[in-house]
Amino acid sequence: MNLLRRNTIQFAAALAATLLVPLRAFAAWNKEAFQAKTAADALKGLGVGASAESRDIVIEAPQIAENGAVVPVEITSNVPNTKSIAVVIDKNPFPLTAKFDFGEGALPYVKVNVKMGESSFVRVFAEAGGRFHTASKEIKVTIGGCGG
Amino acid sequence: MAEPMKIRATLKGDLADVRVLMVHPMETGQRKDTAGNLAPTHFIQEMSVRLNGKSVIEGQISQAVSRNPVFSFRLKGVKAGDKIEIAWLDNLGERSQADVAIA
């Protein structure tokens, strides 16, 4: 009886541990925005309304990418109080590529390698104080990186 | 079981440059394998960066992030000994988590 009880408790504790440890919370993946096939629908899914062109968003990326499978894109937002950055590649099959939310303790900066199917504008949307700021850069791709 | 991530953090003053490599195929669902079949979509969707247990960056990404993704981030107000934890979750429910103490 005691043994059974102990086993039950141990089992319950082990179960709780396995259930609790992996349950690390993530912000839910925005399916609507990420599965959108046009940049306009992706922006709608993200809730990006009117946005103003801004020189305070710096996009560092090659003008010509020889290999579309790995295109390095480095983004810095100098817009005060930037709380998120979204990256949209207009001509990709699913234009929305990434969205980062920055909390206290993080600078609104990210560098990421992306795939580009063909030459396209890469647009960045930074949200600050409920407003959206945008900048873009055209990247020409010699060999596409989505199929292959 | 996903392969471990590699995290490197370098401190300059109170700014930390954090670079992470995640080992992942990032299949777009459009690539054909050698037999001519489409490789099923398999990609990281969510990630998070924590500093001393507190979330500082939450990311969502698509299949258009390159294979074996490498990200760089910058954290402020950081000192030696602080702990950075990074975790990801993919579209098939696989996940990985790693941490590093800033030297």
# chains A, B, ... in the order shown; residues from 1 in each chain; ligands from 1
call {"tool": "interface_residues", "arguments": {"of": "chain B", "to": "chain A", "cutoff": "6 Å", "atoms": "only C-alpha atoms", "output": "VMD selection string"}}
result
chain B and resid 30 to 31 56 to 62 64 to 66 71 to 76
call {"tool": "residues_around", "arguments": {"residues": "stretch 13-23 of chain B", "least_positions_apart": "5", "cutoff": "8 Å", "atoms": "only C-alpha atoms", "output": "CSV table (one decimal) with C-alpha atoms, in the first residue's frame"}}
result
chain,number,residue,atom,x,y,z
B,2,ALA,CA,17.0,18.4,-32.0
B,3,GLU,CA,20.8,19.1,-32.2
B,4,PRO,CA,22.0,21.6,-29.6
B,5,MET,CA,22.2,25.3,-30.4
B,6,LYS,CA,25.4,27.2,-30.3
B,7,ILE,CA,25.3,30.5,-28.6
B,8,ARG,CA,28.1,33.0,-28.4
B,67,ARG,CA,18.8,26.5,-43.3
B,68,ASN,CA,20.7,26.3,-40.0
B,69,PRO,CA,19.5,29.7,-39.0
B,70,VAL,CA,22.0,32.2,-37.5
B,71,PHE,CA,20.7,35.2,-35.7
B,72,SER,CA,22.5,38.1,-34.0
B,73,PHE,CA,20.8,40.1,-31.3
B,74,ARG,CA,22.0,42.9,-29.0
B,75,LEU,CA,21.1,43.1,-25.3
B,76,LYS,CA,21.8,46.0,-23.0
B,77,GLY,CA,22.3,46.4,-19.3
B,78,VAL,CA,24.2,43.1,-19.3
B,79,LYS,CA,27.1,42.2,-17.0
call {"tool": "closest_residue", "arguments": {"among": "B:Ile44, B:Ala103, B:Ala39, B:Leu51", "to": "B:Asn91", "atoms": "only C-alpha atoms"}}
result
B:Ile44
call {"tool": "select_by_dssp", "arguments": {"residues": "chain B", "states": "strand (DSSP E)", "output": "PyMOL selection string"}}
result
chain B and resi 6-12+15-21+44-51+54-61+70-75+83-90+95-101
call {"tool": "atom_distance", "arguments": {"atom1": "atom CA of B:Leu11", "atom2": "atom CA of B:Asn52"}}
result
15.2 Å
call {"tool": "closest_residue", "arguments": {"among": "A:Ser136, A:Ser77, A:Ser54, A:Gln63", "to": "A:Arg123", "atoms": "only C-alpha atoms"}}
result
A:Ser136
call {"tool": "closest_residue", "arguments": {"among": "B:His24, B:Thr41, B:Gly53, B:Ile102", "to": "B:Leu89", "atoms": "only C-alpha atoms"}}
result
B:His24
